[in-house]
$ cat start.pdb   # PDB, C-alpha atoms, pLDDT in the B column
ATOM      1  CA  MET A  13     216.189 247.085 159.549  1.00 93.00           C
ATOM      2  CA  ILE A  14     214.212 244.859 157.195  1.00 97.00           C
ATOM      3  CA  LEU A  15     210.880 243.424 158.296  1.00 98.00           C
ATOM      4  CA  PHE A  16     210.255 240.156 156.463  1.00 98.00           C
ATOM      5  CA  PRO A  17     206.629 238.927 156.310  1.00 98.00           C
ATOM      6  CA  ALA A  18     206.529 235.128 156.403  1.00 96.00           C
ATOM      7  CA  ILE A  19     204.591 232.806 154.138  1.00 96.00           C
ATOM      8  CA  ASP A  20     204.822 229.227 155.403  1.00 94.00           C
ATOM      9  CA  LEU A  21     203.605 226.695 152.861  1.00 96.00           C
ATOM     10  CA  LYS A  22     201.876 223.424 153.722  1.00 95.00           C
ATOM     11  CA  GLU A  23     200.068 221.435 151.066  1.00 94.00           C
ATOM     12  CA  GLY A  24     199.940 224.488 148.830  1.00 95.00           C
ATOM     13  CA  ARG A  25     198.352 226.753 151.416  1.00 94.00           C
ATOM     14  CA  CYS A  26     199.603 229.593 153.594  1.00 91.00           C
ATOM     15  CA  VAL A  27     199.696 228.419 157.221  1.00 92.00           C
ATOM     16  CA  ARG A  28     201.228 229.198 160.589  1.00 79.00           C
ATOM     17  CA  LEU A  29     202.451 226.560 163.015  1.00 78.00           C
ATOM     18  CA  VAL A  30     202.886 226.578 166.791  1.00 67.00           C
ATOM     19  CA  GLN A  31     206.495 225.824 167.780  1.00 59.00           C
ATOM     20  CA  GLY A  32     207.043 224.011 164.484  1.00 57.00           C
ATOM     21  CA  ASP A  33     204.333 221.400 165.115  1.00 64.00           C
ATOM     22  CA  MET A  34     202.800 220.364 161.785  1.00 70.00           C
ATOM     23  CA  ASP A  35     199.748 219.076 163.655  1.00 68.00           C
ATOM     24  CA  GLN A  36     199.082 222.606 164.926  1.00 70.00           C
ATOM     25  CA  ALA A  37     198.733 224.333 161.573  1.00 77.00           C
ATOM     26  CA  THR A  38     196.287 227.192 161.093  1.00 84.00           C
ATOM     27  CA  VAL A  39     195.406 227.992 157.482  1.00 86.00           C
ATOM     28  CA  PHE A  40     195.367 231.743 156.857  1.00 89.00           C
ATOM     29  CA  ASN A  41     195.109 231.810 153.088  1.00 90.00           C
ATOM     30  CA  ASP A  42     194.378 229.118 150.493  1.00 94.00           C
ATOM     31  CA  ASP A  43     196.105 231.273 147.873  1.00 97.00           C
ATOM     32  CA  PRO A  44     199.757 232.010 148.782  1.00 96.00           C
ATOM     33  CA  ALA A  45     200.220 234.179 145.677  1.00 97.00           C
ATOM     34  CA  ASP A  46     197.343 236.385 146.808  1.00 97.00           C
ATOM     35  CA  GLN A  47     198.997 236.650 150.221  1.00 97.00           C
ATOM     36  CA  ALA A  48     202.307 237.638 148.655  1.00 97.00           C
ATOM     37  CA  LEU A  49     200.635 240.339 146.569  1.00 97.00           C
ATOM     38  CA  SER A  50     198.889 241.637 149.688  1.00 97.00           C
ATOM     39  CA  PHE A  51     202.222 241.957 151.493  1.00 97.00           C
ATOM     40  CA  GLU A  52     203.670 243.836 148.520  1.00 98.00           C
ATOM     41  CA  LYS A  53     200.755 246.269 148.506  1.00 97.00           C
ATOM     42  CA  GLN A  54     201.222 246.846 152.235  1.00 97.00           C
ATOM     43  CA  GLY A  55     204.729 248.150 151.540  1.00 98.00           C
ATOM     44  CA  PHE A  56     207.049 245.311 152.541  1.00 98.00           C
ATOM     45  CA  SER A  57     210.378 245.130 150.730  1.00 98.00           C
ATOM     46  CA  TRP A  58     211.071 241.369 151.021  1.00 98.00           C
ATOM     47  CA  LEU A  59     209.198 238.073 151.386  1.00 98.00           C
ATOM     48  CA  HIS A  60     210.276 235.146 153.562  1.00 98.00           C
ATOM     49  CA  LEU A  61     208.986 231.776 152.335  1.00 97.00           C
ATOM     50  CA  VAL A  62     209.254 228.359 153.972  1.00 95.00           C
ATOM     51  CA  ASP A  63     208.350 225.093 152.281  1.00 96.00           C
ATOM     52  CA  LEU A  64     207.262 223.255 155.438  1.00 93.00           C
ATOM     53  CA  ASP A  65     206.530 219.977 153.680  1.00 93.00           C
ATOM     54  CA  GLY A  66     209.902 220.248 151.962  1.00 94.00           C
ATOM     55  CA  ALA A  67     211.688 220.687 155.281  1.00 88.00           C
ATOM     56  CA  PHE A  68     210.390 217.289 156.406  1.00 87.00           C
ATOM     57  CA  ALA A  69     210.753 215.559 153.020  1.00 91.00           C
ATOM     58  CA  GLY A  70     214.241 216.887 152.297  1.00 90.00           C
ATOM     59  CA  GLN A  71     213.225 218.154 148.868  1.00 93.00           C
ATOM     60  CA  PRO A  72     210.896 220.829 147.440  1.00 94.00           C
ATOM     61  CA  MET A  73     207.229 219.961 147.951  1.00 96.00           C
ATOM     62  CA  ASN A  74     205.454 223.284 147.332  1.00 97.00           C
ATOM     63  CA  ALA A  75     207.101 224.292 144.065  1.00 97.00           C
ATOM     64  CA  GLN A  76     203.811 225.235 142.404  1.00 97.00           C
ATOM     65  CA  ALA A  77     202.896 227.632 145.232  1.00 97.00           C
ATOM     66  CA  VAL A  78     206.381 229.182 145.263  1.00 98.00           C
ATOM     67  CA  GLU A  79     206.337 229.675 141.490  1.00 97.00           C
ATOM     68  CA  ALA A  80     202.897 231.309 141.732  1.00 97.00           C
ATOM     69  CA  ILE A  81     204.272 233.709 144.344  1.00 98.00           C
ATOM     70  CA  LEU A  82     207.285 234.550 142.188  1.00 98.00           C
ATOM     71  CA  ALA A  83     204.944 235.286 139.274  1.00 97.00           C
ATOM     72  CA  SER A  84     202.622 237.466 141.356  1.00 96.00           C
ATOM     73  CA  THR A  85     205.105 239.830 143.015  1.00 96.00           C
ATOM     74  CA  THR A  86     208.164 241.896 142.185  1.00 96.00           C
ATOM     75  CA  LEU A  87     209.492 241.636 145.742  1.00 98.00           C
ATOM     76  CA  PRO A  88     212.754 239.763 146.344  1.00 98.00           C
ATOM     77  CA  VAL A  89     212.093 236.370 147.919  1.00 98.00           C
ATOM     78  CA  GLN A  90     214.144 234.331 150.354  1.00 98.00           C
ATOM     79  CA  LEU A  91     213.161 230.668 150.564  1.00 98.00           C
ATOM     80  CA  GLY A  92     213.953 227.816 152.927  1.00 96.00           C
ATOM     81  CA  GLY A  93     212.759 224.248 153.393  1.00 94.00           C
ATOM     82  CA  GLY A  94     214.112 221.109 151.728  1.00 93.00           C
ATOM     83  CA  ILE A  95     217.119 222.778 150.087  1.00 96.00           C
ATOM     84  CA  ARG A  96     219.781 220.078 150.400  1.00 94.00           C
ATOM     85  CA  THR A  97     221.380 219.718 146.956  1.00 96.00           C
ATOM     86  CA  MET A  98     223.123 222.006 144.512  1.00 97.00           C
ATOM     87  CA  LYS A  99     220.505 221.103 141.910  1.00 97.00           C
ATOM     88  CA  THR A 100     217.786 222.470 144.202  1.00 97.00           C
ATOM     89  CA  VAL A 101     219.758 225.668 144.856  1.00 98.00           C
ATOM     90  CA  GLU A 102     220.321 226.180 141.131  1.00 98.00           C
ATOM     91  CA  GLY A 103     216.690 225.427 140.372  1.00 97.00           C
ATOM     92  CA  TRP A 104     215.263 227.958 142.790  1.00 98.00           C
ATOM     93  CA  ILE A 105     217.675 230.729 141.863  1.00 98.00           C
ATOM     94  CA  SER A 106     217.034 230.156 138.155  1.00 98.00           C
ATOM     95  CA  ARG A 107     213.294 230.519 138.861  1.00 97.00           C
ATOM     96  CA  GLY A 108     213.840 233.901 140.476  1.00 98.00           C
ATOM     97  CA  VAL A 109     214.386 233.225 144.181  1.00 98.00           C
ATOM     98  CA  LYS A 110     216.762 235.942 145.378  1.00 98.00           C
ATOM     99  CA  ARG A 111     218.143 234.077 148.384  1.00 98.00           C
ATOM    100  CA  VAL A 112     217.979 230.405 149.364  1.00 98.00           C
ATOM    101  CA  ILE A 113     218.124 229.376 153.018  1.00 97.00           C
ATOM    102  CA  ILE A 114     219.937 226.154 153.892  1.00 96.00           C
ATOM    103  CA  GLY A 115     219.049 224.644 157.266  1.00 90.00           C
ATOM    104  CA  THR A 116     219.413 220.908 157.907  1.00 86.00           C
ATOM    105  CA  ALA A 117     222.146 220.527 155.296  1.00 90.00           C
ATOM    106  CA  ALA A 118     224.180 223.229 157.059  1.00 91.00           C
ATOM    107  CA  VAL A 119     224.544 220.819 159.976  1.00 89.00           C
ATOM    108  CA  ARG A 120     225.032 217.621 158.008  1.00 89.00           C
ATOM    109  CA  ASP A 121     226.884 218.819 154.904  1.00 94.00           C
ATOM    110  CA  PRO A 122     228.733 222.101 155.480  1.00 94.00           C
ATOM    111  CA  THR A 123     230.821 221.498 152.343  1.00 96.00           C
ATOM    112  CA  PHE A 124     227.621 221.812 150.311  1.00 97.00           C
ATOM    113  CA  VAL A 125     226.853 225.186 151.910  1.00 97.00           C
ATOM    114  CA  ARG A 126     230.328 226.452 151.086  1.00 97.00           C
ATOM    115  CA  ALA A 127     230.056 225.254 147.488  1.00 97.00           C
ATOM    116  CA  ALA A 128     226.628 226.862 147.076  1.00 98.00           C
ATOM    117  CA  ALA A 129     227.798 230.171 148.581  1.00 98.00           C
ATOM    118  CA  ALA A 130     230.795 230.196 146.241  1.00 97.00           C
ATOM    119  CA  ALA A 131     228.659 229.411 143.206  1.00 98.00           C
ATOM    120  CA  PHE A 132     225.981 231.992 144.051  1.00 98.00           C
ATOM    121  CA  PRO A 133     227.618 234.911 145.914  1.00 97.00           C
ATOM    122  CA  GLY A 134     225.200 236.896 148.052  1.00 97.00           C
ATOM    123  CA  GLN A 135     222.349 234.439 147.479  1.00 98.00           C
ATOM    124  CA  VAL A 136     222.914 231.707 150.078  1.00 98.00           C
ATOM    125  CA  ALA A 137     221.834 232.101 153.693  1.00 98.00           C
ATOM    126  CA  VAL A 138     221.937 229.638 156.575  1.00 97.00           C
ATOM    127  CA  GLY A 139     218.906 228.970 158.731  1.00 94.00           C
ATOM    128  CA  ILE A 140     219.734 228.199 162.351  1.00 93.00           C
ATOM    129  CA  ASP A 141     216.676 226.891 164.161  1.00 87.00           C
ATOM    130  CA  ALA A 142     217.319 226.224 167.830  1.00 87.00           C
ATOM    131  CA  ARG A 143     215.625 225.022 170.970  1.00 82.00           C
ATOM    132  CA  ASP A 144     217.373 225.933 174.231  1.00 78.00           C
ATOM    133  CA  GLY A 145     220.369 226.992 172.171  1.00 76.00           C
ATOM    134  CA  ARG A 146     220.710 223.624 170.396  1.00 83.00           C
ATOM    135  CA  VAL A 147     220.257 223.368 166.633  1.00 88.00           C
ATOM    136  CA  ALA A 148     217.207 221.506 165.287  1.00 80.00           C
ATOM    137  CA  VAL A 149     217.074 219.716 161.927  1.00 75.00           C
ATOM    138  CA  ASP A 150     214.583 217.849 159.703  1.00 69.00           C
ATOM    139  CA  GLY A 151     211.800 220.394 160.043  1.00 56.00           C
ATOM    140  CA  TRP A 152     212.644 220.821 163.746  1.00 57.00           C
ATOM    141  CA  ALA A 153     211.840 217.146 164.395  1.00 62.00           C
ATOM    142  CA  GLN A 154     215.357 216.362 165.669  1.00 72.00           C
ATOM    143  CA  ILE A 155     217.600 218.296 168.075  1.00 78.00           C
ATOM    144  CA  SER A 156     221.357 218.048 167.491  1.00 74.00           C
ATOM    145  CA  GLU A 157     224.162 218.501 169.994  1.00 76.00           C
ATOM    146  CA  MET A 158     225.502 221.534 168.139  1.00 87.00           C
ATOM    147  CA  SER A 159     225.003 225.019 169.534  1.00 91.00           C
ATOM    148  CA  ALA A 160     223.726 227.889 167.399  1.00 91.00           C
ATOM    149  CA  VAL A 161     226.958 229.827 167.872  1.00 93.00           C
ATOM    150  CA  GLU A 162     229.070 226.809 166.922  1.00 93.00           C
ATOM    151  CA  LEU A 163     227.104 226.326 163.713  1.00 93.00           C
ATOM    152  CA  GLY A 164     227.253 230.018 162.837  1.00 94.00           C
ATOM    153  CA  LYS A 165     231.017 230.149 163.294  1.00 95.00           C
ATOM    154  CA  ARG A 166     231.389 227.213 160.930  1.00 94.00           C
ATOM    155  CA  PHE A 167     230.420 229.513 158.047  1.00 95.00           C
ATOM    156  CA  GLU A 168     232.252 232.715 158.987  1.00 94.00           C
ATOM    157  CA  ASP A 169     234.549 232.522 155.961  1.00 93.00           C
ATOM    158  CA  ALA A 170     232.166 230.709 153.615  1.00 95.00           C
ATOM    159  CA  GLY A 171     230.585 233.698 151.893  1.00 96.00           C
ATOM    160  CA  VAL A 172     227.156 233.141 153.472  1.00 97.00           C
ATOM    161  CA  CYS A 173     225.087 236.328 153.085  1.00 97.00           C
ATOM    162  CA  ALA A 174     222.923 236.003 156.226  1.00 98.00           C
ATOM    163  CA  ILE A 175     221.972 233.845 159.191  1.00 97.00           C
ATOM    164  CA  ILE A 176     218.273 233.463 159.989  1.00 96.00           C
ATOM    165  CA  TYR A 177     218.035 232.570 163.677  1.00 94.00           C
ATOM    166  CA  THR A 178     214.735 231.084 164.863  1.00 90.00           C
ATOM    167  CA  ASP A 179     213.935 230.302 168.479  1.00 85.00           C
ATOM    168  CA  ILE A 180     211.598 227.322 168.089  1.00 80.00           C
ATOM    169  CA  ALA A 181     210.131 227.716 171.565  1.00 71.00           C
ATOM    170  CA  ARG A 182     208.955 231.219 170.633  1.00 71.00           C
ATOM    171  CA  ASP A 183     207.750 230.484 167.119  1.00 58.00           C
ATOM    172  CA  GLY A 184     204.043 230.994 166.565  1.00 55.00           C
ATOM    173  CA  ILE A 185     203.141 231.724 170.191  1.00 52.00           C
ATOM    174  CA  LEU A 186     203.485 235.535 170.142  1.00 63.00           C
ATOM    175  CA  LYS A 187     205.647 235.831 173.259  1.00 73.00           C
ATOM    176  CA  GLY A 188     208.211 238.164 171.745  1.00 84.00           C
ATOM    177  CA  LEU A 189     211.543 237.575 170.042  1.00 89.00           C
ATOM    178  CA  ASN A 190     214.410 236.004 171.950  1.00 89.00           C
ATOM    179  CA  ILE A 191     216.561 239.087 171.566  1.00 92.00           C
ATOM    180  CA  GLU A 192     219.140 237.947 174.107  1.00 92.00           C
ATOM    181  CA  MET A 193     220.017 234.745 172.240  1.00 91.00           C
ATOM    182  CA  THR A 194     219.805 236.425 168.842  1.00 94.00           C
ATOM    183  CA  LEU A 195     222.208 239.164 169.896  1.00 96.00           C
ATOM    184  CA  GLU A 196     224.568 236.621 171.452  1.00 94.00           C
ATOM    185  CA  LEU A 197     224.793 234.903 168.079  1.00 94.00           C
ATOM    186  CA  ALA A 198     225.167 238.193 166.202  1.00 96.00           C
ATOM    187  CA  HIS A 199     227.992 239.355 168.454  1.00 96.00           C
ATOM    188  CA  HIS A 200     229.918 236.153 167.750  1.00 96.00           C
ATOM    189  CA  LEU A 201     229.624 236.525 163.978  1.00 96.00           C
ATOM    190  CA  SER A 202     230.443 238.960 161.205  1.00 96.00           C
ATOM    191  CA  ILE A 203     227.619 237.496 159.082  1.00 97.00           C
ATOM    192  CA  PRO A 204     224.381 239.555 159.225  1.00 97.00           C
ATOM    193  CA  VAL A 205     221.763 237.959 161.491  1.00 98.00           C
ATOM    194  CA  ILE A 206     217.972 238.040 161.062  1.00 98.00           C
ATOM    195  CA  ALA A 207     215.758 237.396 164.100  1.00 96.00           C
ATOM    196  CA  SER A 208     212.805 235.019 163.884  1.00 92.00           C
ATOM    197  CA  GLY A 209     210.281 233.384 166.176  1.00 87.00           C
ATOM    198  CA  GLY A 210     207.767 235.101 168.421  1.00 87.00           C
ATOM    199  CA  LEU A 211     207.515 238.665 167.085  1.00 92.00           C
ATOM    200  CA  ALA A 212     204.207 239.752 168.560  1.00 89.00           C
ATOM    201  CA  SER A 213     203.599 243.495 168.481  1.00 92.00           C
ATOM    202  CA  LEU A 214     204.812 246.998 167.767  1.00 94.00           C
ATOM    203  CA  ALA A 215     206.777 246.792 171.026  1.00 94.00           C
ATOM    204  CA  ASP A 216     208.999 244.171 169.393  1.00 94.00           C
ATOM    205  CA  ILE A 217     209.611 246.506 166.459  1.00 96.00           C
ATOM    206  CA  GLU A 218     210.514 249.300 168.870  1.00 96.00           C
ATOM    207  CA  GLN A 219     212.983 246.998 170.603  1.00 95.00           C
ATOM    208  CA  LEU A 220     214.552 246.037 167.282  1.00 97.00           C
ATOM    209  CA  LEU A 221     215.156 249.731 166.570  1.00 97.00           C
ATOM    210  CA  THR A 222     217.114 250.310 169.788  1.00 96.00           C
ATOM    211  CA  PRO A 223     220.901 250.832 169.515  1.00 95.00           C
ATOM    212  CA  GLN A 224     221.699 247.381 170.943  1.00 96.00           C
ATOM    213  CA  CYS A 225     219.825 245.730 168.064  1.00 96.00           C
ATOM    214  CA  ALA A 226     221.471 247.806 165.336  1.00 95.00           C
ATOM    215  CA  VAL A 227     223.744 244.821 164.661  1.00 96.00           C
ATOM    216  CA  LEU A 228     220.773 242.829 163.317  1.00 97.00           C
ATOM    217  CA  GLU A 229     219.800 242.928 159.635  1.00 97.00           C
ATOM    218  CA  GLY A 230     216.115 242.517 160.384  1.00 97.00           C
ATOM    219  CA  ALA A 231     213.363 240.271 161.700  1.00 97.00           C
ATOM    220  CA  ILE A 232     210.702 237.908 160.408  1.00 96.00           C
ATOM    221  CA  THR A 233     207.068 238.258 161.383  1.00 94.00           C
ATOM    222  CA  GLY A 234     204.276 235.778 160.777  1.00 92.00           C
ATOM    223  CA  ARG A 235     201.310 235.074 163.008  1.00 90.00           C
ATOM    224  CA  ALA A 236     201.203 238.612 164.445  1.00 92.00           C
ATOM    225  CA  LEU A 237     200.545 239.932 160.937  1.00 93.00           C
ATOM    226  CA  TYR A 238     197.936 237.336 160.130  1.00 92.00           C
ATOM    227  CA  ASP A 239     195.871 237.728 163.289  1.00 90.00           C
ATOM    228  CA  GLY A 240     196.077 241.529 163.308  1.00 93.00           C
ATOM    229  CA  ARG A 241     198.240 242.030 166.382  1.00 93.00           C
ATOM    230  CA  LEU A 242     200.844 243.821 164.286  1.00 96.00           C
ATOM    231  CA  ASP A 243     199.610 246.560 161.990  1.00 97.00           C
ATOM    232  CA  PRO A 244     201.891 246.523 158.925  1.00 97.00           C
ATOM    233  CA  LYS A 245     201.349 250.204 158.193  1.00 97.00           C
ATOM    234  CA  GLU A 246     202.339 251.224 161.727  1.00 97.00           C
ATOM    235  CA  ALA A 247     205.317 248.861 161.818  1.00 98.00           C
ATOM    236  CA  LEU A 248     206.723 249.959 158.462  1.00 98.00           C
ATOM    237  CA  ALA A 249     206.136 253.641 159.274  1.00 97.00           C
ATOM    238  CA  LEU A 250     208.042 253.243 162.533  1.00 97.00           C
ATOM    239  CA  ILE A 251     210.969 251.615 160.737  1.00 97.00           C
ATOM    240  CA  ALA A 252     210.971 254.273 158.012  1.00 96.00           C
ATOM    241  CA  ALA A 253     210.927 257.087 160.578  1.00 95.00           C
ATOM    242  CA  HIS A 254     213.824 255.509 162.448  1.00 92.00           C
ATOM    243  CA  GLN A 255     215.869 255.097 159.284  1.00 90.00           C
ATOM    244  CA  GLY A 256     215.082 258.644 158.252  1.00 87.00           C
ATOM    245  CA  ALA A 257     216.262 259.967 161.603  1.00 86.00           C
ATOM    246  CA  LYS A 258     219.503 257.978 161.286  1.00 82.00           C
ATOM    247  CA  ALA A 259     220.097 259.365 157.802  1.00 85.00           C
ATOM    248  CA  ARG A 260     219.670 262.944 159.059  1.00 85.00           C
ATOM    249  CA  ALA A 261     221.902 262.462 162.092  1.00 75.00           C
TER     250      ALA A 261
END
$ encode --input "start.pdb" --output "structure tokens"
Amino acid sequence: MILFPAIDLKEGRCVRLVQGDMDQATVFNDDPADQALSFEKQGFSWLHLVDLDGAFAGQPMNAQAVEAILASTTLPVQLGGGIRTMKTVEGWISRGVKRVIIGTAAVRDPTFVRAAAAAFPGQVAVGIDARDGRVAVDGWAQISEMSAVELGKRFEDAGVCAIIYTDIARDGILKGLNIEMTLELAHHLSIPVIASGGLASLADIEQLLTPQCAVLEGAITGRALYDGRLDPKEALALIAAHQGAKARA
């Protein structure tokens, strides 16, 4: 189980939103590269980045901050937000992004997702952001009629390496992950699923390590790390102990 610390970028700074509302942004670090290095020192094995401005604009808007992060850390990075053309996919991967996350374009241009996944095997993920089970697009500003499961199934044979499922209603409010909906999606797909939105405490980590959640690849954590509700050392130690026990079994 991989625990992905999130760095959400708005106007070059590291922020956290409440339920995707850009007007409810709390700045946690003016230096995203410093934040990335801090996460690496804490022992995380991946970074999850979101270009929030890019998600609304439909194109990269925080390239300088992302490039500074890539230069500051050796951790693999997955990045979403404003990735809607093959040129953007190629650009980010050539700069060192390990995995790009396609969200809005997965709804509106599935052919593009398939082409990107074929061109960059193992490096293209799909972000499914949903409210009440319905997929949101354009930085969560619009809700489509498509269900999360329907969208996930669209890419079953496309070579997509992961699905990042975010429950918008839970995001940034520290009420716990929507495990039920995340597992429902995971059980309908063969693609690995990553949980996102609402991870609040060590209790959520413990739940993710239960047998029913073994189907999940991991989870993303944001605000709980920044405000101290989740101790990274404790969380990573718990995951390591669990994995060690599995290896010995």
$ residues_around --input "start.pdb" --residues "Ser156 (chain A)" --least-positions-apart "3" --cutoff "10 Å" --atoms "only C-alpha atoms" --output "MDAnalysis selection string"
chainID A and resid 119 142:143 146:149 152 159
$ closest_residue --input "start.pdb" --among "A:Ala117, A:Met13, A:Ala249, A:Ala77" --to "Cys26 (chain A)" --atoms "only C-alpha atoms"
A:Ala77
$ resolve_selection --input "start.pdb" --expression "the PyMOL selection byres ((chain A and resi 120) around 12)" --output "PyMOL selection string"
chain A and resi 96-97+114-119+121-125+147-150+156+158+163+166
$ closest_residue --input "start.pdb" --among "A:Lys99, A:His199, A:Arg111, A:Lys22" --to "Ala69 (chain A)" --atoms "all atoms listed in the file"
A:Lys22
$ atom_distance --input "start.pdb" --atom1 "CA of Gln71 (chain A)" --atom2 "CA of Gly210 (chain A)"
26.4 Å
$ resolve_selection --input "start.pdb" --expression "the PyMOL selection byres ((chain A and resi 39) around 10)" --output "PyMOL selection string"
chain A and resi 20-22+25-29+36-38+40-42
$ residues_around --input "start.pdb" --residues "Val78 (chain A)" --least-positions-apart "6" --cutoff "9 Å" --atoms "all atoms listed in the file" --output "PyMOL selection string"
chain A and resi 21+24+44-45+61+63+91
$ residues_around --input "start.pdb" --residues "Ala207 (chain A)" --least-positions-apart "4" --cutoff "8 Å" --atoms "only C-alpha atoms" --output "list in words"
Ile176, Tyr177, Thr178, Leu189, Ile191, Thr194, Leu228, Gly230, Ala231 and Ile232 of chain A
$ write_last_selection --input "start.pdb" --atoms "C-alpha atoms" --output "mmCIF file, in the frame of the given file"
data_model
loop_
_atom_site.group_PDB
_atom_site.id
_atom_site.type_symbol
_atom_site.label_atom_id
_atom_site.label_comp_id
_atom_site.auth_asym_id
_atom_site.auth_seq_id
_atom_site.Cartn_x
_atom_site.Cartn_y
_atom_site.Cartn_z
ATOM 1 C CA ILE A 176 218.273 233.463 159.989
ATOM 2 C CA TYR A 177 218.035 232.570 163.677
ATOM 3 C CA THR A 178 214.735 231.084 164.863
ATOM 4 C CA LEU A 189 211.543 237.575 170.042
ATOM 5 C CA ILE A 191 216.561 239.087 171.566
ATOM 6 C CA THR A 194 219.805 236.425 168.842
ATOM 7 C CA LEU A 228 220.773 242.829 163.317
ATOM 8 C CA GLY A 230 216.115 242.517 160.384
ATOM 9 C CA ALA A 231 213.363 240.271 161.700
ATOM 10 C CA ILE A 232 210.702 237.908 160.408
#
$ resolve_selection --input "start.pdb" --expression "the PyMOL selection byres ((chain A and resi 211-223) around 10)" --output "NGL selection string"
:A and (13 or 15 or 182-191 or 207-210 or 224-237 or 240-244 or 246-248 or 250-251 or 254-255)
$ residues_near_point --input "start.pdb" --point "(220.6, 228.4, 143.6)" --cutoff "12 Å" --atoms "all atoms listed in the file" --output "number ranges by chain"
A: 90-92, 95-114, 124-125, 127-137
$ atom_distance --input "start.pdb" --atom1 "CA of Cys173 (chain A)" --atom2 "CA of Gly145 (chain A)"
21.8 Å
$ atom_distance --input "start.pdb" --atom1 "CA of Met73 (chain A)" --atom2 "CA of Met34 (chain A)"
14.5 Å
$ closest_residue --input "start.pdb" --among "A:Leu59, A:Glu23, A:Ile81, A:Val205" --to "Glu168 (chain A)" --atoms "all atoms listed in the file"
A:Val205
$ residues_around --input "start.pdb" --residues "His60 (chain A)" --least-positions-apart "6" --cutoff "7 Å" --atoms "only C-alpha atoms" --output "VMD selection string"
chain A and resid 16 to 19 89 to 91
$ write_last_selection --input "start.pdb" --atoms "C-alpha atoms" --output "mmCIF file, in the coordinates of the input"
data_model
loop_
_atom_site.group_PDB
_atom_site.id
_atom_site.type_symbol
_atom_site.label_atom_id
_atom_site.label_comp_id
_atom_site.auth_asym_id
_atom_site.auth_seq_id
_atom_site.Cartn_x
_atom_site.Cartn_y
_atom_site.Cartn_z
ATOM 1 C CA PHE A 16 210.255 240.156 156.463
ATOM 2 C CA PRO A 17 206.629 238.927 156.310
ATOM 3 C CA ALA A 18 206.529 235.128 156.403
ATOM 4 C CA ILE A 19 204.591 232.806 154.138
ATOM 5 C CA VAL A 89 212.093 236.370 147.919
ATOM 6 C CA GLN A 90 214.144 234.331 150.354
ATOM 7 C CA LEU A 91 213.161 230.668 150.564
#
$ residues_around --input "start.pdb" --residues "Ser202 (chain A)" --least-positions-apart "5" --cutoff "10 Å" --atoms "all atoms listed in the file" --output "MDAnalysis selection string"
chainID A and resid 164:165 167:169 174 197 227
$ residues_near_point --input "start.pdb" --point "(198.1, 243.4, 150.6)" --cutoff "12 Å" --atoms "all atoms listed in the file" --output "PyMOL selection string"
chain A and resi 17+44-56+84-85+237-238+243-245
$ closest_residue --input "start.pdb" --among "A:Val172, A:Ala261, A:Ala160, A:Val62" --to "His200 (chain A)" --atoms "only C-alpha atoms"
A:Ala160
$ axis_aligned_box --input "start.pdb" --around "region 162-170 of chain A" --padding-each-side "6 Å" --output "lines of an AutoDock Vina configuration file"
center_x = 230.8
center_y = 229.5
center_z = 160.3
size_x = 19.4
size_y = 18.4
size_z = 25.3
$ closest_residue --input "start.pdb" --among "A:Gly139, A:Ala253, A:Asp179, A:Ala198" --to "Val161 (chain A)" --atoms "only C-alpha atoms"
A:Ala198
$ build_atoms --input "start.pdb" --residues "region 200-210 of chain A" --atoms "N, CA and C atoms" --output "CSV table (one decimal), in the frame of the given file"
chain,number,residue,atom,x,y,z
A,200,HIS,N,228.9,237.1,168.0
A,200,HIS,CA,229.9,236.2,167.8
A,200,HIS,C,230.3,236.1,166.3
A,201,LEU,N,229.5,236.7,165.4
A,201,LEU,CA,229.6,236.5,164.0
A,201,LEU,C,229.8,237.9,163.3
A,202,SER,N,230.4,237.8,162.1
A,202,SER,CA,230.4,239.0,161.2
A,202,SER,C,229.3,238.9,160.2
A,203,ILE,N,228.7,237.7,160.0
A,203,ILE,CA,227.6,237.5,159.1
A,203,ILE,C,226.4,238.2,159.6
A,204,PRO,N,225.6,238.9,158.8
A,204,PRO,CA,224.4,239.6,159.2
A,204,PRO,C,223.4,238.5,159.8
A,205,VAL,N,222.7,238.9,160.9
A,205,VAL,CA,221.8,238.0,161.5
A,205,VAL,C,220.4,238.5,161.4
A,206,ILE,N,219.4,237.7,161.1
A,206,ILE,CA,218.0,238.0,161.1
A,206,ILE,C,217.3,237.3,162.2
A,207,ALA,N,216.5,238.0,163.0
A,207,ALA,CA,215.8,237.4,164.1
A,207,ALA,C,214.4,236.8,163.6
A,208,SER,N,214.1,235.7,164.2
A,208,SER,CA,212.8,235.0,163.9
A,208,SER,C,212.3,234.2,165.1
A,209,GLY,N,210.9,234.2,165.1
A,209,GLY,CA,210.3,233.4,166.2
A,209,GLY,C,209.7,234.2,167.3
A,210,GLY,N,208.4,234.5,167.3
A,210,GLY,CA,207.8,235.1,168.4
A,210,GLY,C,207.4,236.6,168.3
